[in-house]
>>> print(open('input12.pdb').read())   # PDB, C-alpha atoms
ATOM      1  CA  MET J 126      23.485 -15.541  -2.191
ATOM      2  CA  ALA J 127      21.710 -18.707  -1.114
ATOM      3  CA  MET J 128      18.362 -19.487  -2.724
ATOM      4  CA  TYR J 129      15.365 -20.489  -0.607
ATOM      5  CA  SER J 130      12.330 -22.327  -1.914
ATOM      6  CA  THR J 131       8.798 -21.348  -0.989
ATOM      7  CA  ARG J 132       8.523 -24.657   0.881
ATOM      8  CA  GLN J 133      11.611 -23.822   2.959
ATOM      9  CA  ILE J 134      10.168 -20.405   3.834
ATOM     10  CA  LEU J 135       6.784 -21.860   4.835
ATOM     11  CA  THR J 136       8.443 -24.598   6.891
ATOM     12  CA  THR J 137      10.500 -22.015   8.731
ATOM     13  CA  CYS J 138       7.354 -19.951   9.405
ATOM     14  CA  VAL J 139       5.572 -22.984  10.870
ATOM     15  CA  VAL J 140       8.537 -23.874  13.083
ATOM     16  CA  VAL J 141       8.751 -20.299  14.349
ATOM     17  CA  ALA J 142       5.034 -20.190  15.112
ATOM     18  CA  LEU J 143       5.230 -23.469  17.011
ATOM     19  CA  SER J 144       8.203 -22.267  19.023
ATOM     20  CA  PHE J 145       6.291 -19.183  20.130
ATOM     21  CA  TYR J 146       3.030 -20.729  21.247
ATOM     22  CA  LEU J 147       4.784 -23.600  23.069
ATOM     23  CA  SER J 148       7.382 -21.352  24.666
ATOM     24  CA  HIS J 149       5.772 -21.261  28.117
ATOM     25  CA  GLY J 150       6.468 -24.909  28.908
ATOM     26  CA  ARG J 151       6.940 -28.417  27.616
ATOM     27  CA  GLU J 152       5.001 -29.588  24.612
ATOM     28  CA  ASN J 153       1.720 -31.214  25.569
ATOM     29  CA  PRO J 154       0.383 -33.571  22.856
ATOM     30  CA  SER J 155      -3.189 -33.046  24.059
ATOM     31  CA  PHE J 156      -2.949 -29.239  23.968
ATOM     32  CA  LYS J 157      -5.357 -27.710  21.466
ATOM     33  CA  ILE J 158      -5.192 -24.120  20.313
ATOM     34  CA  LYS J 159      -8.291 -21.963  20.547
ATOM     35  CA  ALA J 160      -6.982 -18.678  19.231
ATOM     36  CA  VAL J 161      -8.375 -15.269  18.333
ATOM     37  CA  ASN J 162      -6.839 -13.209  15.537
ATOM     38  CA  LEU J 163      -5.699  -9.694  16.499
ATOM     39  CA  GLY J 164      -5.836  -8.430  12.919
ATOM     40  CA  GLY J 165      -5.640  -4.751  12.051
ATOM     41  CA  TRP J 166      -3.432  -3.960  15.040
ATOM     42  CA  LEU J 167       0.226  -4.209  14.019
ATOM     43  CA  VAL J 168      -0.562  -4.501  10.302
ATOM     44  CA  THR J 169      -3.230  -1.930   9.423
ATOM     45  CA  GLU J 170      -6.165  -2.768   7.150
ATOM     46  CA  GLY J 171      -9.021  -0.652   5.880
ATOM     47  CA  TRP J 172     -11.808  -2.619   7.567
ATOM     48  CA  ILE J 173     -10.887  -1.598  11.128
ATOM     49  CA  LYS J 174     -13.090   0.822  13.054
ATOM     50  CA  PRO J 175     -12.619   3.627  13.790
ATOM     51  CA  SER J 176     -10.934   4.118  10.428
ATOM     52  CA  LEU J 177      -7.396   5.481  10.383
ATOM     53  CA  PHE J 178      -7.894   6.787   6.857
ATOM     54  CA  ASP J 179     -10.522   9.444   7.477
ATOM     55  CA  GLY J 180      -8.005  12.052   8.656
ATOM     56  CA  ILE J 181      -5.746  11.844   5.600
ATOM     57  CA  THR J 182      -5.694  14.929   3.372
ATOM     58  CA  ASN J 183      -6.791  14.066  -0.165
ATOM     59  CA  LYS J 184      -7.608  10.534   0.984
ATOM     60  CA  ASP J 185      -9.093   9.641  -2.423
ATOM     61  CA  PHE J 186      -5.554   9.610  -3.773
ATOM     62  CA  LEU J 187      -3.642   7.033  -1.750
ATOM     63  CA  ASP J 188      -0.958   4.686  -3.042
ATOM     64  CA  GLY J 189      -2.363   1.989  -5.279
ATOM     65  CA  THR J 190      -5.573   3.822  -6.156
ATOM     66  CA  GLY J 191      -6.477   2.871  -9.731
ATOM     67  CA  LEU J 192      -7.568   5.806 -11.891
ATOM     68  CA  GLN J 193      -9.056   5.933 -15.386
ATOM     69  CA  PHE J 194      -9.286   9.142 -17.414
ATOM     70  CA  LYS J 195     -11.718   9.821 -20.265
ATOM     71  CA  SER J 196     -11.055  12.845 -22.474
ATOM     72  CA  VAL J 197     -14.099  15.106 -22.730
ATOM     73  CA  THR J 198     -13.111  16.254 -26.241
ATOM     74  CA  VAL J 199     -12.011  12.950 -27.780
ATOM     75  CA  GLY J 200     -14.539  10.927 -25.800
ATOM     76  CA  LYS J 201     -12.138   8.065 -25.149
ATOM     77  CA  TYR J 202      -9.889   6.818 -22.351
ATOM     78  CA  LEU J 203      -6.207   7.459 -21.846
ATOM     79  CA  CYS J 204      -4.266   4.244 -22.427
ATOM     80  CA  ALA J 205      -0.693   3.060 -21.966
ATOM     81  CA  GLU J 206      -0.183   1.575 -25.430
ATOM     82  CA  ALA J 207       0.846  -2.107 -25.193
ATOM     83  CA  GLY J 208       0.532  -1.817 -21.408
ATOM     84  CA  GLY J 209       3.640   0.350 -21.119
ATOM     85  CA  GLY J 210       6.988   1.027 -22.733
ATOM     86  CA  ASN J 211       5.346   3.228 -25.343
ATOM     87  CA  ILE J 212       3.274   6.380 -25.824
ATOM     88  CA  ILE J 213       0.103   7.301 -23.974
ATOM     89  CA  VAL J 214      -2.889   7.531 -26.309
ATOM     90  CA  ALA J 215      -6.571   8.474 -25.934
ATOM     91  CA  ASN J 216      -8.249   5.987 -28.233
ATOM     92  CA  ARG J 217      -9.992   3.387 -26.046
ATOM     93  CA  THR J 218     -13.799   3.264 -25.854
ATOM     94  CA  SER J 219     -13.734   1.200 -22.648
ATOM     95  CA  ALA J 220     -11.318   0.925 -19.743
ATOM     96  CA  SER J 221      -9.471  -2.116 -18.404
ATOM     97  CA  GLY J 222      -5.864  -2.852 -17.381
ATOM     98  CA  TRP J 223      -3.996  -0.749 -19.934
ATOM     99  CA  GLU J 224      -6.343   2.164 -19.239
ATOM    100  CA  THR J 225      -5.855   2.042 -15.437
ATOM    101  CA  PHE J 226      -3.113   4.116 -13.809
ATOM    102  CA  SER J 227      -1.956   3.188 -10.292
ATOM    103  CA  LEU J 228      -0.987   6.074  -8.042
ATOM    104  CA  TRP J 229       2.277   6.378  -6.196
ATOM    105  CA  ARG J 230       1.685   9.182  -3.716
ATOM    106  CA  ILE J 231       4.537  11.633  -3.151
ATOM    107  CA  ASN J 232       2.514  13.966  -0.932
ATOM    108  CA  ALA J 233      -1.076  15.225  -0.702
ATOM    109  CA  THR J 234      -0.895  16.956  -4.106
ATOM    110  CA  ASN J 235       1.850  15.245  -6.168
ATOM    111  CA  PHE J 236       1.807  11.759  -7.642
ATOM    112  CA  ASN J 237       3.399   9.276 -10.026
ATOM    113  CA  PHE J 238       1.269   7.134 -12.355
ATOM    114  CA  ARG J 239       2.349   3.498 -12.777
ATOM    115  CA  VAL J 240       0.951   1.563 -15.735
ATOM    116  CA  PHE J 241       0.098  -2.094 -16.364
ATOM    117  CA  ASN J 242       3.658  -3.204 -17.170
ATOM    118  CA  LYS J 243       5.042  -1.194 -14.212
ATOM    119  CA  GLN J 244       6.530   1.757 -16.106
ATOM    120  CA  PHE J 245       5.788   5.308 -15.035
ATOM    121  CA  VAL J 246       4.011   7.978 -17.063
ATOM    122  CA  GLY J 247       6.226  10.947 -17.981
ATOM    123  CA  PHE J 248       6.924  13.315 -20.811
ATOM    124  CA  GLY J 249       9.626  13.768 -23.416
ATOM    125  CA  THR J 250      10.184  16.464 -26.019
ATOM    126  CA  ASN J 251       9.595  15.646 -29.690
ATOM    127  CA  GLY J 252       8.658  17.527 -32.858
ATOM    128  CA  ASN J 253       4.988  17.728 -31.894
ATOM    129  CA  GLY J 254       5.484  19.206 -28.419
ATOM    130  CA  ILE J 255       5.722  17.467 -25.066
ATOM    131  CA  GLU J 256       4.476  13.969 -25.766
ATOM    132  CA  ILE J 257       3.310  11.733 -22.910
ATOM    133  CA  VAL J 258       4.953   8.309 -22.678
ATOM    134  CA  ALA J 259       5.272   5.430 -20.203
ATOM    135  CA  VAL J 260       8.846   4.213 -20.544
ATOM    136  CA  SER J 261      10.667   4.839 -17.259
ATOM    137  CA  SER J 262      11.078   2.068 -14.678
ATOM    138  CA  THR J 263      11.807   4.607 -11.929
ATOM    139  CA  PRO J 264       9.927   7.863 -11.332
ATOM    140  CA  GLY J 265      11.631  11.256 -11.457
ATOM    141  CA  ARG J 266      10.687  14.886 -11.968
ATOM    142  CA  SER J 267       9.194  14.371 -15.426
ATOM    143  CA  GLU J 268       7.065  11.541 -14.010
ATOM    144  CA  THR J 269       5.539  13.773 -11.308
ATOM    145  CA  PHE J 270       2.011  15.148 -11.721
ATOM    146  CA  GLU J 271      -0.644  17.071  -9.827
ATOM    147  CA  ILE J 272      -4.345  16.196 -10.081
ATOM    148  CA  VAL J 273      -6.571  19.298 -10.092
ATOM    149  CA  ARG J 274     -10.280  18.675  -9.497
ATOM    150  CA  SER J 275     -13.184  20.876 -10.533
ATOM    151  CA  SER J 276     -14.845  22.560  -7.575
ATOM    152  CA  ASP J 277     -18.254  21.808  -9.101
ATOM    153  CA  ASP J 278     -17.681  18.167 -10.089
ATOM    154  CA  SER J 279     -14.913  16.167  -8.403
ATOM    155  CA  SER J 280     -14.931  13.599 -11.204
ATOM    156  CA  ARG J 281     -13.725  16.231 -13.698
ATOM    157  CA  VAL J 282      -9.972  16.702 -13.426
ATOM    158  CA  ARG J 283      -6.965  18.273 -15.092
ATOM    159  CA  ILE J 284      -3.492  16.747 -14.798
ATOM    160  CA  LYS J 285      -0.636  19.199 -14.327
ATOM    161  CA  ALA J 286       2.872  18.098 -15.303
ATOM    162  CA  SER J 287       6.069  19.209 -13.587
ATOM    163  CA  ASN J 288       6.839  21.549 -16.516
ATOM    164  CA  GLY J 289       3.891  23.714 -15.397
ATOM    165  CA  PHE J 290       1.588  22.708 -18.255
ATOM    166  CA  PHE J 291      -1.498  20.514 -18.307
ATOM    167  CA  LEU J 292      -1.993  17.261 -20.188
ATOM    168  CA  GLN J 293      -4.298  17.462 -23.167
ATOM    169  CA  ALA J 294      -5.667  14.980 -25.684
ATOM    170  CA  LYS J 295      -4.968  16.699 -29.013
ATOM    171  CA  THR J 296      -6.054  13.645 -30.967
ATOM    172  CA  GLU J 297      -6.691   9.994 -30.233
ATOM    173  CA  GLU J 298      -3.011   9.276 -30.872
ATOM    174  CA  LEU J 299      -1.401  12.405 -29.438
ATOM    175  CA  VAL J 300      -1.443  13.260 -25.731
ATOM    176  CA  THR J 301       0.853  16.097 -24.688
ATOM    177  CA  ALA J 302       1.849  18.176 -21.660
ATOM    178  CA  ASP J 303       1.672  21.643 -23.196
ATOM    179  CA  TYR J 304      -1.737  23.116 -22.349
ATOM    180  CA  ALA J 305      -1.440  26.473 -20.565
ATOM    181  CA  GLY J 306      -3.938  28.682 -18.805
ATOM    182  CA  GLU J 307      -7.139  28.434 -16.830
ATOM    183  CA  SER J 308     -10.088  26.212 -17.571
ATOM    184  CA  LYS J 309     -13.867  26.646 -17.620
ATOM    185  CA  TRP J 310     -14.183  22.856 -17.306
ATOM    186  CA  GLY J 311     -16.342  22.593 -20.402
ATOM    187  CA  ASP J 312     -16.544  19.727 -22.880
ATOM    188  CA  ASP J 313     -14.579  21.803 -25.384
ATOM    189  CA  ASP J 314     -11.440  21.841 -23.189
ATOM    190  CA  PRO J 315      -8.910  19.173 -24.258
ATOM    191  CA  SER J 316      -7.199  19.358 -20.836
ATOM    192  CA  VAL J 317     -10.298  18.125 -18.993
ATOM    193  CA  PHE J 318     -10.808  14.432 -18.242
ATOM    194  CA  VAL J 319     -13.587  12.544 -16.484
ATOM    195  CA  MET J 320     -11.926  10.483 -13.761
ATOM    196  CA  THR J 321     -13.124   7.090 -12.533
ATOM    197  CA  ILE J 322     -11.702   5.439  -9.420
ATOM    198  CA  ALA J 323     -11.338   1.807 -10.464
ATOM    199  CA  GLY J 324      -9.911   0.422  -7.210
ATOM    200  CA  ARG J 325      -8.354   1.271  -3.865
ATOM    201  CA  LEU J 326      -5.871  -0.161  -1.376
ATOM    202  CA  GLN J 327      -6.042   0.544   2.349
ATOM    203  CA  GLY J 328      -3.099  -1.038   4.120
ATOM    204  CA  GLU J 329      -0.134  -0.061   6.275
ATOM    205  CA  PHE J 330       1.726   1.557   3.367
ATOM    206  CA  GLN J 331      -1.285   3.651   2.396
ATOM    207  CA  VAL J 332      -2.008   4.954   5.892
ATOM    208  CA  THR J 333       1.593   5.824   6.819
ATOM    209  CA  ASN J 334       2.463   7.353   3.455
ATOM    210  CA  GLY J 335      -0.909   9.094   3.393
ATOM    211  CA  TYR J 336      -0.284  10.950   6.648
ATOM    212  CA  GLY J 337       3.377  11.552   5.835
ATOM    213  CA  PRO J 338       6.456  11.562   8.093
ATOM    214  CA  GLU J 339       5.233  14.371  10.368
ATOM    215  CA  LEU J 340       1.786  13.012  11.244
ATOM    216  CA  ALA J 341       2.086   9.243  10.770
ATOM    217  CA  PRO J 342       4.133   8.513  13.944
ATOM    218  CA  GLY J 343       1.499  10.073  16.193
ATOM    219  CA  VAL J 344      -1.414   8.408  14.405
ATOM    220  CA  MET J 345       0.159   4.953  14.523
ATOM    221  CA  THR J 346       1.380   5.246  18.106
ATOM    222  CA  ASP J 347      -2.110   6.163  19.251
ATOM    223  CA  HIS J 348      -3.571   3.252  17.268
ATOM    224  CA  TRP J 349      -1.147   0.706  18.743
ATOM    225  CA  ARG J 350      -1.783   2.069  22.239
ATOM    226  CA  THR J 351      -5.596   1.930  22.084
ATOM    227  CA  PHE J 352      -6.772  -0.621  19.485
ATOM    228  CA  ILE J 353      -5.694  -3.621  21.610
ATOM    229  CA  VAL J 354      -5.020  -3.273  25.374
ATOM    230  CA  GLU J 355      -4.253  -5.641  28.252
ATOM    231  CA  ASP J 356      -7.924  -5.797  29.246
ATOM    232  CA  ASP J 357      -8.580  -7.448  25.864
ATOM    233  CA  PHE J 358      -6.102 -10.211  26.758
ATOM    234  CA  LYS J 359      -7.821 -10.631  30.134
ATOM    235  CA  PHE J 360     -11.232 -10.877  28.465
ATOM    236  CA  ILE J 361      -9.913 -13.411  25.925
ATOM    237  CA  SER J 362      -8.436 -15.565  28.677
ATOM    238  CA  GLN J 363     -11.639 -15.504  30.721
ATOM    239  CA  ASN J 364     -13.756 -16.681  27.781
ATOM    240  CA  GLY J 365     -12.224 -20.010  26.821
ATOM    241  CA  ILE J 366      -9.528 -18.787  24.435
ATOM    242  CA  ASN J 367      -5.961 -19.924  25.093
ATOM    243  CA  ALA J 368      -3.959 -18.185  22.355
ATOM    244  CA  VAL J 369      -3.762 -15.062  20.233
ATOM    245  CA  ARG J 370      -2.535 -14.736  16.660
ATOM    246  CA  ILE J 371      -0.713 -11.458  15.973
ATOM    247  CA  PRO J 372      -0.028 -10.492  12.340
ATOM    248  CA  VAL J 373       3.136  -8.407  11.881
ATOM    249  CA  GLY J 374       4.904  -6.766   8.933
ATOM    250  CA  TRP J 375       8.487  -7.321   7.799
ATOM    251  CA  TRP J 376       9.457  -3.761   8.834
ATOM    252  CA  ILE J 377       9.089  -4.710  12.506
ATOM    253  CA  ALA J 378      12.603  -6.173  12.328
ATOM    254  CA  SER J 379      13.961  -2.658  11.603
ATOM    255  CA  ASP J 380      12.113  -1.016  14.481
ATOM    256  CA  PRO J 381      12.541   1.675  15.867
ATOM    257  CA  THR J 382      13.785   3.103  12.530
ATOM    258  CA  PRO J 383      12.031   1.161   9.753
ATOM    259  CA  PRO J 384      12.304   2.331   6.127
ATOM    260  CA  GLN J 385       9.868   5.028   5.051
ATOM    261  CA  PRO J 386       6.958   5.366   5.061
ATOM    262  CA  TYR J 387       6.693   2.931   7.987
ATOM    263  CA  VAL J 388       7.140   4.319  11.490
ATOM    264  CA  GLY J 389       8.668   2.883  14.645
ATOM    265  CA  GLY J 390       6.745   1.514  17.606
ATOM    266  CA  SER J 391       5.140  -1.749  16.498
ATOM    267  CA  LEU J 392       7.922  -3.842  18.090
ATOM    268  CA  ARG J 393       7.257  -2.280  21.485
ATOM    269  CA  ALA J 394       3.580  -3.130  21.062
ATOM    270  CA  LEU J 395       4.505  -6.744  20.273
ATOM    271  CA  ASP J 396       6.731  -6.893  23.361
ATOM    272  CA  ASN J 397       3.795  -5.649  25.439
ATOM    273  CA  ALA J 398       1.584  -8.344  23.932
ATOM    274  CA  PHE J 399       3.946 -11.070  25.153
ATOM    275  CA  VAL J 400       3.902  -9.615  28.664
ATOM    276  CA  TRP J 401       0.092  -9.440  28.636
ATOM    277  CA  ALA J 402      -0.112 -12.992  27.283
ATOM    278  CA  GLN J 403       2.104 -14.274  30.100
ATOM    279  CA  ASN J 404       0.075 -12.335  32.671
ATOM    280  CA  HIS J 405      -3.135 -14.023  31.529
ATOM    281  CA  GLY J 406      -1.920 -17.505  30.567
ATOM    282  CA  LEU J 407      -2.179 -17.126  26.801
ATOM    283  CA  LYS J 408       0.034 -18.507  24.046
ATOM    284  CA  VAL J 409       1.146 -16.281  21.152
ATOM    285  CA  VAL J 410       1.340 -17.175  17.461
ATOM    286  CA  ILE J 411       3.232 -14.577  15.422
ATOM    287  CA  ASP J 412       2.132 -14.376  11.788
ATOM    288  CA  LEU J 413       4.515 -12.721   9.319
ATOM    289  CA  HIS J 414       1.544 -11.255   7.472
ATOM    290  CA  ALA J 415       3.407  -8.852   5.157
ATOM    291  CA  ALA J 416       6.614 -10.089   3.534
ATOM    292  CA  PRO J 417       9.104  -7.819   1.721
ATOM    293  CA  GLY J 418       7.776  -6.908  -1.721
ATOM    294  CA  SER J 419       4.264  -8.190  -0.853
ATOM    295  CA  GLN J 420       3.583 -11.896  -1.220
ATOM    296  CA  ASN J 421       0.151 -11.464  -2.813
ATOM    297  CA  GLY J 422      -0.423  -7.835  -3.874
ATOM    298  CA  TRP J 423      -3.220  -7.362  -1.333
ATOM    299  CA  GLU J 424      -3.504  -4.477   1.103
ATOM    300  CA  HIS J 425      -2.945  -6.672   4.166
ATOM    301  CA  SER J 426       0.511  -7.566   2.825
ATOM    302  CA  SER J 427       1.264  -3.830   2.607
ATOM    303  CA  SER J 428       1.574  -3.714  -1.165
ATOM    304  CA  ARG J 429       2.110  -0.179  -2.445
ATOM    305  CA  ASP J 430       0.141  -0.550  -5.660
ATOM    306  CA  GLY J 431      -1.189  -4.098  -5.859
ATOM    307  CA  SER J 432       2.004  -5.559  -7.309
ATOM    308  CA  GLN J 433       3.231  -8.928  -6.019
ATOM    309  CA  GLU J 434       7.030  -8.799  -5.989
ATOM    310  CA  TRP J 435       7.993 -11.130  -3.139
ATOM    311  CA  GLY J 436      10.176 -14.030  -4.238
ATOM    312  CA  GLN J 437      11.319 -12.389  -7.458
ATOM    313  CA  THR J 438      14.791 -11.629  -6.097
ATOM    314  CA  ASP J 439      17.234 -13.392  -3.809
ATOM    315  CA  ALA J 440      17.325 -10.223  -1.715
ATOM    316  CA  ASN J 441      13.712 -10.183  -0.531
ATOM    317  CA  ILE J 442      13.730 -13.942   0.085
ATOM    318  CA  GLN J 443      16.815 -13.565   2.262
ATOM    319  CA  GLN J 444      15.262 -10.548   3.982
ATOM    320  CA  THR J 445      12.212 -12.658   4.825
ATOM    321  CA  VAL J 446      14.414 -15.305   6.421
ATOM    322  CA  ASP J 447      16.245 -12.578   8.342
ATOM    323  CA  VAL J 448      12.952 -11.221   9.713
ATOM    324  CA  ILE J 449      11.906 -14.687  10.870
ATOM    325  CA  ASP J 450      15.334 -15.181  12.483
ATOM    326  CA  PHE J 451      14.962 -11.814  14.242
ATOM    327  CA  LEU J 452      11.551 -12.703  15.663
ATOM    328  CA  ALA J 453      12.654 -16.168  16.744
ATOM    329  CA  ALA J 454      15.768 -14.818  18.464
ATOM    330  CA  ARG J 455      13.831 -12.105  20.269
TER     331      ARG J 455
END
>>> encode(input="input12.pdb", output="structure tokens")
Amino acid sequence: MAMYSTRQILTTCVVVALSFYLSHGRENPSFKIKAVNLGGWLVTEGWIKPSLFDGITNKDFLDGTGLQFKSVTVGKYLCAEAGGGNIIVANRTSASGWETFSLWRINATNFNFRVFNKQFVGFGTNGNGIEIVAVSSTPGRSETFEIVRSSDDSSRVRIKASNGFFLQAKTEELVTADYAGESKWGDDDPSVFVMTIAGRLQGEFQVTNGYGPELAPGVMTDHWRTFIVEDDFKFISQNGINAVRIPVGWWIASDPTPPQPYVGGSLRALDNAFVWAQNHGLKVVIDLHAAPGSQNGWEHSSSRDGSQEWGQTDANIQQTVDVIDFLAAR
């Protein structure tokens, strides 16, 4: 497959943008853009109001949320030894990268934990019981967990493994998934951990995966229909602005059936925007704001867990070019 440099990609993006905002007539050398950014519309971000995140069940546990767990019996933090590829221990007095576990949300109650080096926490049988490790590059059943919170203190949690048992810190060097039974949530219970939320992401991936396939289509359709309307384009045109910038995500090229968790409908909204722009004499600059794999690990690029993986394979570079070609052709 052909390789594309970052410079080639950026050049293509600039050419595409120029072709869109000059598409209503001949190029005028004296034309100056005075544009307003329509952010948060076709690529969701957490700053928009009203918030789309408030209605999500268990909204504290969205994709990319960074969690740290301190054992109440050992008094130290869970840690992916060496950042991953090894056992999980409970021997750190303070928490940083190796002690932070990024959530991959399966549904409102079940999650995977991704560690610093991008492996997933799971369990494997050994002579001491069910020892917790972080060695798998892809999550499966043994890498699936449920977070159970105390009804009296939401920062106190137990972590239930898919084998039906809870994680416990037996010693600083031995964390297992073999604790059975109920809990009184006391400091003498090795299955209890004090949880700290070290960071959050609130982007398109988080909101669509948070609501799930049944609810997300309705939530997003309503957002696209109401957040920006034709009257906004009329107001913009009447107040000295001659262009709008519309950020879009790579999944728009697969509309109306984009890959999960994204939902269809954003392409129709973009089509409407071009009609409104023509009705009110505005130019349109399309911004490919979220590239495949996330170009920067930020929420506005729709990163799942803060990882930046764009450009690391020929495939997502080629996919980016294909998205730009799709938009230009349309």
>>> resolve_selection(input="input12.pdb", expression="the PyMOL selection byres ((chain J and resi 379) around 10)", output="PyMOL selection string")
chain J and resi 375-378+380-384+387-389+392+448+451
>>> residues_around(input="input12.pdb", residues="range 407-414 of chain J", least_positions_apart="3", cutoff="7 Å", atoms="only C-alpha atoms", output="ChimeraX atom specification")
/J:142,145-146,362,367-375,402-403,426
>>> resolve_selection(input="input12.pdb", expression="the PyMOL selection byres ((chain J and resi 188) around 7)", output="VMD selection string")
chain J and resid 186 to 187 189 to 190 228 to 230 331 429 to 430
>>> write_last_selection(input="input12.pdb", atoms="C-alpha atoms", output="tab-separated table (two decimals), in the coordinates of the input")
chain	number	residue	atom	x	y	z
J	186	PHE	CA	-5.55	9.61	-3.77
J	187	LEU	CA	-3.64	7.03	-1.75
J	189	GLY	CA	-2.36	1.99	-5.28
J	190	THR	CA	-5.57	3.82	-6.16
J	228	LEU	CA	-0.99	6.07	-8.04
J	229	TRP	CA	2.28	6.38	-6.20
J	230	ARG	CA	1.68	9.18	-3.72
J	331	GLN	CA	-1.28	3.65	2.40
J	429	ARG	CA	2.11	-0.18	-2.44
J	430	ASP	CA	0.14	-0.55	-5.66
>>> atom_distance(input="input12.pdb", atom1="CA of Phe290 in chain J", atom2="CA of Asp303 in chain J")
5.1 Å
>>> atom_distance(input="input12.pdb", atom1="CA of Val246 in chain J", atom2="CA of Ser261 in chain J")
7.4 Å
>>> resolve_selection(input="input12.pdb", expression="the PyMOL selection byres ((chain J and resi 175-184) around 8)", output="mmCIF file with C-alpha atoms, in the coordinates of the input")
data_model
loop_
_atom_site.group_PDB
_atom_site.id
_atom_site.type_symbol
_atom_site.label_atom_id
_atom_site.label_comp_id
_atom_site.auth_asym_id
_atom_site.auth_seq_id
_atom_site.Cartn_x
_atom_site.Cartn_y
_atom_site.Cartn_z
ATOM 1 C CA GLY J 171 -9.021 -0.652 5.880
ATOM 2 C CA TRP J 172 -11.808 -2.619 7.567
ATOM 3 C CA ILE J 173 -10.887 -1.598 11.128
ATOM 4 C CA LYS J 174 -13.090 0.822 13.054
ATOM 5 C CA ASP J 185 -9.093 9.641 -2.423
ATOM 6 C CA PHE J 186 -5.554 9.610 -3.773
ATOM 7 C CA LEU J 187 -3.642 7.033 -1.750
ATOM 8 C CA ALA J 233 -1.076 15.225 -0.702
ATOM 9 C CA THR J 234 -0.895 16.956 -4.106
ATOM 10 C CA GLN J 327 -6.042 0.544 2.349
ATOM 11 C CA VAL J 332 -2.008 4.954 5.892
ATOM 12 C CA GLY J 335 -0.909 9.094 3.393
ATOM 13 C CA TYR J 336 -0.284 10.950 6.648
ATOM 14 C CA VAL J 344 -1.414 8.408 14.405
#
>>> closest_atom_pairs(input="input12.pdb", of="range 238-309 of chain J", to="range 215-218 of chain J", cutoff="9 Å", atoms="all atoms listed in the file", output="Markdown table")
| residue | atom | partner | partner_atom | distance |
| --- | --- | --- | --- | --- |
| J:Ala294 | CA | J:Ala215 | CA | 6.6 |
| J:Lys295 | CA | J:Ala215 | CA | 8.9 |
| J:Thr296 | CA | J:Ala215 | CA | 7.2 |
| J:Glu297 | CA | J:Ala215 | CA | 4.6 |
| J:Glu298 | CA | J:Ala215 | CA | 6.1 |
| J:Leu299 | CA | J:Ala215 | CA | 7.4 |
| J:Val300 | CA | J:Ala215 | CA | 7.0 |
>>> closest_residue(input="input12.pdb", among="J:Asp447, J:Glu424, J:Glu268, J:Asp314", to="Gly249 in chain J", atoms="only C-alpha atoms")
J:Glu268
>>> atom_distance(input="input12.pdb", atom1="CA of Val199 in chain J", atom2="CA of Phe238 in chain J")
21.2 Å
>>> residues_around(input="input12.pdb", residues="Asp347 in chain J", least_positions_apart="2", cutoff="12 Å", atoms="all atoms listed in the file", output="list in words")
Trp166, Leu167, Leu177, Leu340, Ala341, Pro342, Gly343, Val344, Met345, Trp349, Arg350, Thr351, Phe352, Ile353, Val354, Gly390, Ser391 and Ala394 of chain J
>>> closest_residue(input="input12.pdb", among="J:Gly209, J:Gly418, J:Pro338, J:Gly365", to="Asn232 in chain J", atoms="all atoms listed in the file")
J:Pro338
>>> axis_aligned_box(input="input12.pdb", around="range 432-450 of chain J", padding_each_side="5 Å", output="AutoDock Vina command-line options")
--center_x 9.7 --center_y -10.4 --center_z 2.5 --size_x 25.3 --size_y 19.7 --size_z 29.9
>>> closest_residue(input="input12.pdb", among="J:His405, J:Lys157, J:Ala440, J:Leu292", to="Phe248 in chain J", atoms="all atoms listed in the file")
J:Leu292
>>> closest_residue(input="input12.pdb", among="J:Leu395, J:Ala259, J:Val197, J:Ile231", to="Asp312 in chain J", atoms="all atoms listed in the file")
J:Val197
>>> residues_near_point(input="input12.pdb", point="(5.2, 18.6, -14.2)", cutoff="6 Å", atoms="only C-alpha atoms", output="list of chain:residue names")
J:Ser267, J:Thr269, J:Phe270, J:Lys285, J:Ala286, J:Ser287, J:Asn288, J:Gly289
>>> closest_residue(input="input12.pdb", among="J:Ala160, J:Leu203, J:Ala220, J:Ile442", to="Ser316 in chain J", atoms="all atoms listed in the file")
J:Leu203
>>> closest_residue(input="input12.pdb", among="J:Glu224, J:Asp313, J:Glu329, J:Asp357", to="Thr198 in chain J", atoms="all atoms listed in the file")
J:Asp313
